[in-house]
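Structure first, commentary second.
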Amino acid sequence: MAIQRLHTNRRMSEIVIHNGTVYLAGQVGEDLNTGVEQQTRETLANIERLLKEAGTDVHHILSVTVYLKDIDAHFAGMNSVWDQWLPEGVAPARATVEAKLCEPEILVEMSVIAALP
């Protein structure tokens, strides 16, 4: 089966689709001058947009890795937005880790794997 890559540049593809599975590159918010809650909302909106483009949606997310700049300071805020966003009964496998992110203003980044319907 062919590998489909969307929004590809020299280093990465935003979306990779293979064998019924959608892989999203790490997503961050647009406005990095906001707090973790707003960055989380924007990150989740980007994820929804890319999943839709790939032909799937939040109900088909299999796994999410959440990267937080400061897990002690940002875990509760990120989860408050996550819990409002995620529909009941479709919680994916998830890991949350503290990480040094590529820009100091980024407070949260998420990487997603989803199934095609």
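So you can find residues: chains in the structure tokens are A, B, ... in the order shown, residues in each start at 1, and ligands are numbered from 1 in order.
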Give me the residues near Asp70 (chain A) as a list in words, where near means some atom within 7 Å (using only C-alpha atoms) and where sequence neighbours in that chain fewer than 3 positions away do not count.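 My list of contacting residues is Ala73, His74 and Glu98 of chain A.
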What does the file look like for those residues with N, CA and C atoms, as a PDB file, in the first residue's frame?
ATOM      1  N   ALA A  73       3.605  22.977  36.090  1.00  0.00           N
ATOM      2  CA  ALA A  73       2.867  24.230  35.899  1.00  0.00           C
ATOM      3  C   ALA A  73       1.725  24.108  34.899  1.00  0.00           C
ATOM      4  N   HIS A  74       1.815  23.191  33.933  1.00  0.00           N
ATOM      5  CA  HIS A  74       0.885  23.204  32.809  1.00  0.00           C
ATOM      6  C   HIS A  74      -0.030  21.984  32.676  1.00  0.00           C
ATOM      7  N   GLU A  98       7.263  15.886  30.079  1.00  0.00           N
ATOM      8  CA  GLU A  98       7.877  17.207  30.066  1.00  0.00           C
ATOM      9  C   GLU A  98       9.011  17.171  29.056  1.00  0.00           C
TER      10      GLU A  98
END
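For region 43-101 of chain A, a DSSP pass over the backbone yields strand (DSSP E) at Ile61, Leu62, Ser63, Val64, Thr65, Val66, Tyr67, Leu68, Ala93, Arg94, Ala95, Thr96, Val97 and Glu98 of chain A.
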- Item | Exercise: region 89-97 of chain A partners within 6 Å, only C-alpha atoms, chain neighbours under 4 positions left out, as JSON, numbers by chain | {"A": [59, 61, 62, 63, 64, 65, 66, 67]}
Would you mind exporting C-alpha atoms of the selected residues as a CSV table (one decimal), in the first residue's frame?
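Result went into out_12.csv, see below:
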chain,number,residue,atom,x,y,z
A,59,HIS,CA,-13.5,9.8,17.4
A,61,ILE,CA,-7.7,8.9,17.5
A,62,LEU,CA,-5.7,5.9,18.7
A,63,SER,CA,-2.9,7.6,20.5
A,64,VAL,CA,-1.7,11.0,21.6
A,65,THR,CA,1.7,12.1,23.0
A,66,VAL,CA,1.5,15.4,24.9
A,67,TYR,CA,4.7,17.4,25.4
Self-check item: Expected answer as a PyMOL selection string: helix (DSSP H, G or I) residues in chain A
Solution: chain A and resi 36-54+58-60+71-85
Resulting file, chosen residues, N, CA and C atoms, as an mmCIF file, in the first residue's frame:
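Generated file (out-v5.cif):
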data_model
loop_
_atom_site.group_PDB
_atom_site.id
_atom_site.type_symbol
_atom_site.label_atom_id
_atom_site.label_comp_id
_atom_site.auth_asym_id
_atom_site.auth_seq_id
_atom_site.Cartn_x
_atom_site.Cartn_y
_atom_site.Cartn_z
ATOM 1 N N VAL A 36 -1.139 28.267 28.617
ATOM 2 C CA VAL A 36 -1.249 26.871 28.190
ATOM 3 C C VAL A 36 -2.668 26.512 27.767
ATOM 4 N N GLU A 37 -3.676 27.105 28.395
ATOM 5 C CA GLU A 37 -5.047 26.769 28.016
ATOM 6 C C GLU A 37 -5.332 27.188 26.570
ATOM 7 N N GLN A 38 -4.983 28.435 26.216
ATOM 8 C CA GLN A 38 -5.223 28.900 24.849
ATOM 9 C C GLN A 38 -4.348 28.151 23.851
ATOM 10 N N GLN A 39 -3.096 27.900 24.194
ATOM 11 C CA GLN A 39 -2.237 27.126 23.297
ATOM 12 C C GLN A 39 -2.811 25.723 23.097
ATOM 13 N N THR A 40 -3.374 25.142 24.142
ATOM 14 C CA THR A 40 -3.978 23.812 24.020
ATOM 15 C C THR A 40 -5.189 23.862 23.101
ATOM 16 N N ARG A 41 -6.052 24.870 23.262
ATOM 17 C CA ARG A 41 -7.225 25.008 22.382
ATOM 18 C C ARG A 41 -6.797 25.117 20.920
ATOM 19 N N GLU A 42 -5.802 25.939 20.644
ATOM 20 C CA GLU A 42 -5.328 26.123 19.274
ATOM 21 C C GLU A 42 -4.684 24.849 18.733
ATOM 22 N N THR A 43 -3.945 24.150 19.576
ATOM 23 C CA THR A 43 -3.329 22.888 19.174
ATOM 24 C C THR A 43 -4.398 21.873 18.801
ATOM 25 N N LEU A 44 -5.423 21.755 19.621
ATOM 26 C CA LEU A 44 -6.499 20.799 19.348
ATOM 27 C C LEU A 44 -7.282 21.191 18.094
ATOM 28 N N ALA A 45 -7.447 22.478 17.848
ATOM 29 C CA ALA A 45 -8.110 22.928 16.611
ATOM 30 C C ALA A 45 -7.277 22.541 15.395
ATOM 31 N N ASN A 46 -5.960 22.680 15.480
ATOM 32 C CA ASN A 46 -5.082 22.252 14.384
ATOM 33 C C ASN A 46 -5.199 20.754 14.155
ATOM 34 N N ILE A 47 -5.247 19.993 15.233
ATOM 35 C CA ILE A 47 -5.373 18.540 15.121
ATOM 36 C C ILE A 47 -6.689 18.182 14.434
ATOM 37 N N GLU A 48 -7.782 18.798 14.851
ATOM 38 C CA GLU A 48 -9.077 18.527 14.210
ATOM 39 C C GLU A 48 -9.040 18.838 12.723
ATOM 40 N N ARG A 49 -8.450 19.973 12.361
ATOM 41 C CA ARG A 49 -8.368 20.386 10.957
ATOM 42 C C ARG A 49 -7.576 19.370 10.133
ATOM 43 N N LEU A 50 -6.427 18.946 10.646
ATOM 44 C CA LEU A 50 -5.594 17.992 9.915
ATOM 45 C C LEU A 50 -6.253 16.616 9.836
ATOM 46 N N LEU A 51 -6.900 16.182 10.904
ATOM 47 C CA LEU A 51 -7.602 14.900 10.859
ATOM 48 C C LEU A 51 -8.701 14.925 9.801
ATOM 49 N N LYS A 52 -9.453 16.025 9.742
ATOM 50 C CA LYS A 52 -10.503 16.158 8.739
ATOM 51 C C LYS A 52 -9.913 16.095 7.330
ATOM 52 N N GLU A 53 -8.814 16.800 7.124
ATOM 53 C CA GLU A 53 -8.159 16.770 5.814
ATOM 54 C C GLU A 53 -7.721 15.360 5.444
ATOM 55 N N ALA A 54 -7.304 14.586 6.431
ATOM 56 C CA ALA A 54 -6.841 13.215 6.193
ATOM 57 C C ALA A 54 -7.996 12.229 6.039
ATOM 58 N N VAL A 58 -11.748 13.142 15.461
ATOM 59 C CA VAL A 58 -11.339 12.921 16.848
ATOM 60 C C VAL A 58 -11.833 11.577 17.388
ATOM 61 N N HIS A 59 -12.951 11.066 16.887
ATOM 62 C CA HIS A 59 -13.483 9.788 17.351
ATOM 63 C C HIS A 59 -12.593 8.602 16.964
ATOM 64 N N HIS A 60 -11.668 8.815 16.048
ATOM 65 C CA HIS A 60 -10.809 7.742 15.564
ATOM 66 C C HIS A 60 -9.353 7.869 16.028
ATOM 67 N N ILE A 71 5.660 20.358 33.198
ATOM 68 C CA ILE A 71 4.539 19.479 33.535
ATOM 69 C C ILE A 71 3.869 19.898 34.850
ATOM 70 N N ASP A 72 4.642 20.388 35.814
ATOM 71 C CA ASP A 72 4.055 20.806 37.083
ATOM 72 C C ASP A 72 3.168 22.042 36.896
ATOM 73 N N ALA A 73 3.605 22.977 36.090
ATOM 74 C CA ALA A 73 2.867 24.230 35.899
ATOM 75 C C ALA A 73 1.725 24.108 34.899
ATOM 76 N N HIS A 74 1.815 23.191 33.933
ATOM 77 C CA HIS A 74 0.885 23.204 32.809
ATOM 78 C C HIS A 74 -0.030 21.984 32.676
ATOM 79 N N PHE A 75 0.195 20.940 33.450
ATOM 80 C CA PHE A 75 -0.599 19.708 33.304
ATOM 81 C C PHE A 75 -2.081 19.947 33.563
ATOM 82 N N ALA A 76 -2.411 20.616 34.654
ATOM 83 C CA ALA A 76 -3.822 20.833 34.992
ATOM 84 C C ALA A 76 -4.511 21.719 33.953
ATOM 85 N N GLY A 77 -3.865 22.775 33.512
ATOM 86 C CA GLY A 77 -4.461 23.667 32.520
ATOM 87 C C GLY A 77 -4.690 22.978 31.193
ATOM 88 N N MET A 78 -3.715 22.219 30.746
ATOM 89 C CA MET A 78 -3.865 21.468 29.496
ATOM 90 C C MET A 78 -5.007 20.471 29.625
ATOM 91 N N ASN A 79 -5.070 19.743 30.742
ATOM 92 C CA ASN A 79 -6.125 18.748 30.937
ATOM 93 C C ASN A 79 -7.509 19.377 31.015
ATOM 94 N N SER A 80 -7.631 20.581 31.558
ATOM 95 C CA SER A 80 -8.951 21.220 31.646
ATOM 96 C C SER A 80 -9.516 21.474 30.251
ATOM 97 N N VAL A 81 -8.663 21.867 29.314
ATOM 98 C CA VAL A 81 -9.101 22.083 27.930
ATOM 99 C C VAL A 81 -9.313 20.745 27.234
ATOM 100 N N TRP A 82 -8.400 19.818 27.414
ATOM 101 C CA TRP A 82 -8.503 18.476 26.823
ATOM 102 C C TRP A 82 -9.819 17.808 27.211
ATOM 103 N N ASP A 83 -10.150 17.853 28.501
ATOM 104 C CA ASP A 83 -11.350 17.183 28.993
ATOM 105 C C ASP A 83 -12.627 17.771 28.388
ATOM 106 N N GLN A 84 -12.649 19.065 28.112
ATOM 107 C CA GLN A 84 -13.807 19.695 27.462
ATOM 108 C C GLN A 84 -13.875 19.335 25.980
ATOM 109 N N TRP A 85 -12.725 19.133 25.360
ATOM 110 C CA TRP A 85 -12.629 18.886 23.916
ATOM 111 C C TRP A 85 -12.964 17.449 23.549
#
Work out how far CA of Asn9 (chain A) is from CA of Gly26 (chain A), in Å to one decimal.
->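 About the pair CA of Gly26 (chain A) and CA of Asn9 (chain A): they are 14.3 Å apart.
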Item to complete: Mind checking which residues fall within 12 Å of His7 (chain A), counting only C-alpha atoms, ignoring those fewer than 4 positions away in the same chain, and posting them as a PyMOL selection string?
Response: chain A and resi 11-17+24-25+50+53-54
